[in-house]
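Colleague: Can you read through this structure? Questions will come right after.
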Amino acid sequence: MKTFFSTLLLSSFLLAGSAAAVEVGDIYYSDKTFSSSVQSGKKAIGVVYWVSTNKDFGYIVALEEAPSTMNVFNANVHCLEYYTEGTLAGDWKLPQRIELVRLGKHRVNNATVDNYAKINAVLAKVTKANGSKATALGNKNYVANSTYPYAVNPYSGAIGGGGGNAQSSGTKYSVRCVTAF
Amino acid sequence: MTKQLFALLLTTAAFPGLAQAADEINCTASPECATLGYTQTNCPKGGIRCPFDKTKMFCVSGFGGEDFSFKNTIYQYQIVFADGSTGTYYDDKKDPIGIITYVHPNGQGNHGLIMSLDQPPVESRAFALHYCANYTTKGTKVGDWHLADIGEIGTMQNGDEIDNTTQLNTINNILKTIPGAQALGVSFSYYYSRKCSHSNAYLWVDCDVSSLSCPHNSRYDFDNSSRRYPSNYLNLGVNSKNWYYNSSSDYNPAPGCANVYDDSSYYIYGGYPFYYSSSYWSASDNPSGSTPYVVDLYQNNQTTTNSAQKGHFRCVAYL
C-alpha cells in the first residue's frame, strides 16, 4: 500500500512538474528562469508584471530605466538597443499602450490592480546584474510606443501624452523597456 | 497541459480519499498543492480543487473540448480560423472567428489578441461587459473572450505603434474580405431611443434626434476641424456637400442634442437627422474614479464617460 501511494504521488509530481506557473511579481533572471524570491547566485534582469489567464505567457519590465527622459523616437531606439546579461539588443522593446497600461495601477471593470506598489515592492529587493540596486517605477509619465505618443503614469494610472513621434520632438518622457515570455 | 490535467484528474477524481489515506499510513508528508499545479484560489471558468488543501485550485477552461491554441506562427492582421490556423486571406473552407490585432511580443508568434468579427449594436457598458463575457465562437469557449480593455482596443486604433498609423484602416479592409464580418467604427442611424443627456455627449449615439428640426441654411461647418467622418471615412455614396454640421452656438433646439459642443450630430441636408460615432467601450476604468474609458477609433483619443451611455464595443480574446 505504501508503495502504491508513493508511486501515485511520484507520478503526479512527474506529470505535473512542468506546471510551475509564473506570477506577477516574479523575478526574471539572465538564465531565463523565474522565481518568487531573490535567488542567490543568479542575476536578475527583470520583474514579471502581467501574466495571461493560464499564466503561460506575460510581460517583464526591466530593472532600470533610461538615464534621461526621451521623446518617443529616441525612446524606441533606446529600448531596441537595450540589453542585459542573458539578453541581446532586440530582445527588449518600448512598451506599446497595451503593455504599458498593465505596468502600473489600473482598473478593469471597477477592480483596481495596483501593480505600481506590487512591482516596486519587488524592485526594492532586487539587485541588478552589475550589483547596483534596481530602479523603482516613478510617479511620472512613461512613454508608449505610439505615434501620438501616449504616456502612462504607473502611480496614478493616468493616460496622457502628446508631442508627436518626430526625431526632433522636444516632448520627453521617462522610458522603461519591457520584454515578454 | 493535457498531461497535467490528466494527472490532476487522476489524483483528485479517482482517489478522493488520498489525503486521508496518506495521513493514516503516516509515511509521507502531503505535497504542497502549488507544486502540483494547484496555484489558484478562484477559477471563474471552472477548476479542480487540490485534495490536500481545498482552497487551492487548478483552473481549466471547461471540459468537453480542447482549449483554443494557434496552430502556426501568427502575424498581425491575419485572419484567425476556428481550427486555430491563421492566414493572410479569407479561406472559404474554414470558419473565420477574428483578426489578430496584436502579437504577443515573446518572439514566438504563438499568442496574440484576437478581435471578434461581430459588431453588436451600441449598448451600455454593462451590457458590453456581459455580452463579451459570454461571447463564444466555433473553436473557442465562453471565458475566452472579454470586452477589450483600453490597451487592447488601442491596438485597433491608427497610430498605436510609432511606425504604424494605419491599423484601423488595415483592419477594416481585411474585414471587408470576410463574409459576415462588420467594420469597426461606423455607426449611423436616423434614430435612437434615448435622448441626449448632456451637451458634451458628442461621443455617443444615444441621442434621439429624430424630432429635431434643423433651421434650414443655418451655419454649416462641415469642415469642422475635429470632425470629418462623413467625407473621410464613410463610404455611403453621399456627396459631402449633402452633409452639414450646425455649429451655431445659440442653436439648441428641443429636445436638445445639437449645440456647438455636440460636434458629431450631423444632419443630411434637407433636415433628416443623422448621428455618427466611433467611440468604443473599454473594460478599463479611470483609476482615479469610477468612470470607464472609451476610445474613439477615428479621433485617436480616449476619454472617460458615464457608463449608462451607449457606445460601440468589440470583444477580444488574448490567447
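Numbering starts fresh at 1 for the residues of each chain in the C-alpha cells, the chains themselves are lettered A, B, ... in the order given, and ligands are numbered from 1 as they appear.
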Counting only C-alpha atoms, which residues of chain B fall within 6 Å of chain A, and what is the closest atom pair for each with its distance in Å at one decimal, ordered by chain and rising number, as JSON lines?
Modeller:
```
{"residue": "B:Gln4", "atom": "CA", "partner": "A:Ala16", "partner_atom": "CA", "distance": 4.8}
{"residue": "B:Ala7", "atom": "CA", "partner": "A:Ser12", "partner_atom": "CA", "distance": 5.5}
{"residue": "B:Leu36", "atom": "CA", "partner": "A:Ala16", "partner_atom": "CA", "distance": 5.8}
{"residue": "B:Gly37", "atom": "CA", "partner": "A:Ala19", "partner_atom": "CA", "distance": 5.6}
{"residue": "B:Pro105", "atom": "CA", "partner": "A:Ala180", "partner_atom": "CA", "distance": 5.8}
{"residue": "B:Asn106", "atom": "CA", "partner": "A:Ala180", "partner_atom": "CA", "distance": 4.6}
{"residue": "B:Gly151", "atom": "CA", "partner": "A:Ile98", "partner_atom": "CA", "distance": 3.6}
{"residue": "B:Glu152", "atom": "CA", "partner": "A:Ile98", "partner_atom": "CA", "distance": 5.6}
{"residue": "B:Gly159", "atom": "CA", "partner": "A:Thr147", "partner_atom": "CA", "distance": 4.8}
{"residue": "B:Asp160", "atom": "CA", "partner": "A:Ser146", "partner_atom": "CA", "distance": 4.7}
{"residue": "B:Glu161", "atom": "CA", "partner": "A:Ser146", "partner_atom": "CA", "distance": 4.0}
{"residue": "B:Ile162", "atom": "CA", "partner": "A:Ser146", "partner_atom": "CA", "distance": 4.1}
{"residue": "B:Ala283", "atom": "CA", "partner": "A:Asn109", "partner_atom": "CA", "distance": 5.4}
{"residue": "B:Ser284", "atom": "CA", "partner": "A:Val108", "partner_atom": "CA", "distance": 4.3}
{"residue": "B:Asp285", "atom": "CA", "partner": "A:Arg107", "partner_atom": "CA", "distance": 5.1}
{"residue": "B:Pro287", "atom": "CA", "partner": "A:Arg107", "partner_atom": "CA", "distance": 5.4}
```
Colleague: Those residues you just picked out, can you put them in a file as a short mmCIF file (atom, residue, chain, number, x, y, z; two decimals), in the first residue's frame with N, CA and C atoms?
Modeller:
```cif
data_model
loop_
_atom_site.label_atom_id
_atom_site.label_comp_id
_atom_site.auth_asym_id
_atom_site.auth_seq_id
_atom_site.Cartn_x
_atom_site.Cartn_y
_atom_site.Cartn_z
N GLN B 4 -0.85 17.30 -17.67
CA GLN B 4 -1.01 17.86 -16.34
C GLN B 4 -2.44 17.69 -15.86
N ALA B 7 -3.11 14.19 -14.85
CA ALA B 7 -2.55 13.86 -13.55
C ALA B 7 -3.40 14.39 -12.42
N LEU B 36 1.97 20.89 -7.19
CA LEU B 36 1.21 20.03 -8.10
C LEU B 36 0.47 20.83 -9.17
N GLY B 37 0.54 22.15 -9.06
CA GLY B 37 -0.12 22.95 -10.08
C GLY B 37 -1.39 23.61 -9.61
N PRO B 105 4.61 39.83 -27.75
CA PRO B 105 5.99 40.03 -28.22
C PRO B 105 7.03 39.11 -27.56
N ASN B 106 6.74 37.83 -27.49
CA ASN B 106 7.75 36.91 -26.94
C ASN B 106 8.62 36.30 -28.04
N GLY B 151 -5.98 49.20 -23.46
CA GLY B 151 -4.81 48.86 -24.26
C GLY B 151 -5.17 47.99 -25.44
N GLU B 152 -6.11 47.09 -25.22
CA GLU B 152 -6.49 46.16 -26.28
C GLU B 152 -7.28 46.86 -27.38
N GLY B 159 -2.10 54.55 -35.32
CA GLY B 159 -1.04 55.19 -34.55
C GLY B 159 -0.72 54.52 -33.24
N ASP B 160 -1.22 53.32 -33.03
CA ASP B 160 -0.93 52.63 -31.77
C ASP B 160 0.52 52.18 -31.70
N GLU B 161 1.19 52.18 -32.81
CA GLU B 161 2.64 51.92 -32.83
C GLU B 161 3.32 53.11 -33.48
N ILE B 162 4.57 53.34 -33.09
CA ILE B 162 5.26 54.54 -33.57
C ILE B 162 5.41 54.54 -35.08
N ALA B 283 -12.99 47.93 -21.13
CA ALA B 283 -13.21 47.32 -19.81
C ALA B 283 -12.45 48.09 -18.74
N SER B 284 -11.66 49.08 -19.16
CA SER B 284 -10.83 49.82 -18.21
C SER B 284 -11.59 51.01 -17.64
N ASP B 285 -11.29 51.29 -16.38
CA ASP B 285 -11.84 52.45 -15.72
C ASP B 285 -10.72 53.44 -15.42
N PRO B 287 -8.44 55.10 -13.20
CA PRO B 287 -8.00 54.66 -11.87
C PRO B 287 -8.35 55.64 -10.76
#
```
Colleague: Pick out the residues sitting within 10 Å of range 128-133 of chain A, and hand them over as a list in words; count only C-alpha atoms, and ignore anything fewer than 2 positions along from it in its own chain.
Modeller: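 These residues fall inside the cut-off: Tyr29, Ser30, Lys42, Lys43, Ala44, Ile45, Gly46, Ala62, Leu63, Glu64, Thr84, Glu85, Gly86, Leu123, Ala124, Lys125, Val126, Thr135 and Ala136 of chain A.
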Colleague: Name all residues at most 8 Å from range 116-121 of chain A (count only C-alpha atoms; drop same-chain ones fewer than 6 positions away) and give them as a list in words.
Modeller: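 Residues meeting the cut-off are Gly25, Val47, Tyr49, Leu103, Gly104, Lys105, Ala136, Leu137, Pro154 and Tyr155 of chain A.
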Colleague: With N, CA and C atoms retained, export the selected residues as a compact mmCIF listing (two decimals), in the first residue's frame.
Modeller:
```txt
# COMPACT_ATOMS: atom_id res chain seq x y z
N GLY A 25 5.07 39.71 -10.26
CA GLY A 25 6.00 39.95 -9.15
C GLY A 25 7.16 38.97 -9.13
N VAL A 47 11.33 41.98 -13.87
CA VAL A 47 10.24 41.56 -12.98
C VAL A 47 8.99 41.35 -13.83
N TYR A 49 5.30 41.56 -14.73
CA TYR A 49 4.24 42.49 -14.30
C TYR A 49 2.87 42.16 -14.89
N LEU A 103 1.47 47.91 -16.63
CA LEU A 103 2.64 48.00 -15.77
C LEU A 103 2.32 48.65 -14.43
N GLY A 104 1.44 49.63 -14.45
CA GLY A 104 1.17 50.37 -13.23
C GLY A 104 -0.21 50.10 -12.67
N LYS A 105 -0.68 51.05 -11.92
CA LYS A 105 -2.01 50.94 -11.34
C LYS A 105 -3.04 51.06 -12.46
N ALA A 136 13.21 51.94 -8.99
CA ALA A 136 11.76 51.88 -8.78
C ALA A 136 11.03 52.60 -9.91
N LEU A 137 9.80 52.18 -10.14
CA LEU A 137 8.93 52.93 -11.03
C LEU A 137 8.60 54.25 -10.35
N PRO A 154 2.45 55.25 -14.02
CA PRO A 154 2.12 53.98 -13.35
C PRO A 154 1.63 54.18 -11.91
N TYR A 155 1.94 55.32 -11.33
CA TYR A 155 1.49 55.57 -9.96
C TYR A 155 -0.02 55.82 -9.92
```
Colleague: From a DSSP pass on the backbone, collect the residues of range 100-174 of chain A flagged as strand (DSSP E) and hand them back as JSON, numbers by chain.
Modeller: {"A": [105, 106, 107, 108, 111, 112, 113, 114, 142, 143, 150, 151, 152, 159, 160, 161]}
Colleague: Output C-alpha atoms of each residue in that selection to a file, as a compact mmCIF listing (two decimals), in the first residue's frame.
Modeller:
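Below you can see again00.txt, which holds the result:
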```txt
# COMPACT_ATOMS: atom_id res chain seq x y z
CA LYS A 105 -2.01 50.94 -11.34
CA HIS A 106 -5.04 50.26 -13.47
CA ARG A 107 -8.67 49.41 -13.09
CA VAL A 108 -10.59 46.84 -15.08
CA ALA A 111 -11.39 46.33 -9.89
CA THR A 112 -8.11 48.05 -9.09
CA VAL A 113 -4.85 46.31 -9.90
CA ASP A 114 -2.08 48.21 -8.13
CA TYR A 142 6.40 56.81 -19.19
CA VAL A 143 6.09 56.89 -22.93
CA TYR A 150 0.61 58.00 -25.38
CA ALA A 151 2.17 58.17 -21.95
CA VAL A 152 1.13 56.45 -18.73
CA ILE A 159 -3.06 58.13 -19.50
CA GLY A 160 -1.95 61.20 -21.39
CA GLY A 161 0.74 62.03 -23.84
```
Colleague: Taking 3 positions as the minimum chain separation for residues in the same chain, which residues sit within 10 Å of Glu32 in chain B when counting only C-alpha atoms? Answer as a list of chain:residue names.
Modeller: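 Answer for this query is B:Ala29, B:Thr35, B:Leu36, B:Gly37, B:Tyr38, B:Thr39, B:Cys50, B:Phe52, B:Asp53, B:Lys56.
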Colleague: Could the residues in this selection be written to a file with N, CA and C atoms, as a PDB file, in the first residue's frame?
Modeller:
```
ATOM      1  N   ALA B  29       4.859  13.180   3.831  1.00  0.00           N
ATOM      2  CA  ALA B  29       4.163  14.450   4.001  1.00  0.00           C
ATOM      3  C   ALA B  29       3.352  14.758   2.756  1.00  0.00           C
ATOM      4  N   THR B  35       2.927  22.991  -5.767  1.00  0.00           N
ATOM      5  CA  THR B  35       3.888  22.176  -6.516  1.00  0.00           C
ATOM      6  C   THR B  35       3.184  21.311  -7.541  1.00  0.00           C
ATOM      7  N   LEU B  36       1.973  20.889  -7.193  1.00  0.00           N
ATOM      8  CA  LEU B  36       1.211  20.033  -8.100  1.00  0.00           C
ATOM      9  C   LEU B  36       0.470  20.829  -9.170  1.00  0.00           C
ATOM     10  N   GLY B  37       0.538  22.151  -9.060  1.00  0.00           N
ATOM     11  CA  GLY B  37      -0.119  22.952 -10.079  1.00  0.00           C
ATOM     12  C   GLY B  37      -1.389  23.610  -9.605  1.00  0.00           C
ATOM     13  N   TYR B  38      -1.786  23.336  -8.353  1.00  0.00           N
ATOM     14  CA  TYR B  38      -2.991  23.973  -7.820  1.00  0.00           C
ATOM     15  C   TYR B  38      -2.583  25.332  -7.246  1.00  0.00           C
ATOM     16  N   THR B  39      -2.488  26.319  -8.098  1.00  0.00           N
ATOM     17  CA  THR B  39      -1.924  27.598  -7.684  1.00  0.00           C
ATOM     18  C   THR B  39      -2.975  28.687  -7.501  1.00  0.00           C
ATOM     19  N   CYS B  50      -7.456  21.151  -5.012  1.00  0.00           N
ATOM     20  CA  CYS B  50      -6.370  20.311  -4.541  1.00  0.00           C
ATOM     21  C   CYS B  50      -6.882  19.396  -3.429  1.00  0.00           C
ATOM     22  N   PHE B  52      -5.346  18.149  -1.034  1.00  0.00           N
ATOM     23  CA  PHE B  52      -4.666  18.397   0.240  1.00  0.00           C
ATOM     24  C   PHE B  52      -5.021  19.746   0.837  1.00  0.00           C
ATOM     25  N   ASP B  53      -5.548  20.638   0.047  1.00  0.00           N
ATOM     26  CA  ASP B  53      -5.934  21.957   0.518  1.00  0.00           C
ATOM     27  C   ASP B  53      -7.035  22.459  -0.402  1.00  0.00           C
ATOM     28  N   LYS B  56      -7.033  25.658  -2.628  1.00  0.00           N
ATOM     29  CA  LYS B  56      -6.164  25.811  -3.790  1.00  0.00           C
ATOM     30  C   LYS B  56      -6.768  25.077  -4.996  1.00  0.00           C
TER      31      LYS B  56
END
```
Colleague: At what distance in Å, to one decimal, does CA of Thr69 in chain A lie from CA of Ser174 in chain A?
Modeller: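 Rounded to one decimal, the two atoms are 4.6 Å apart.
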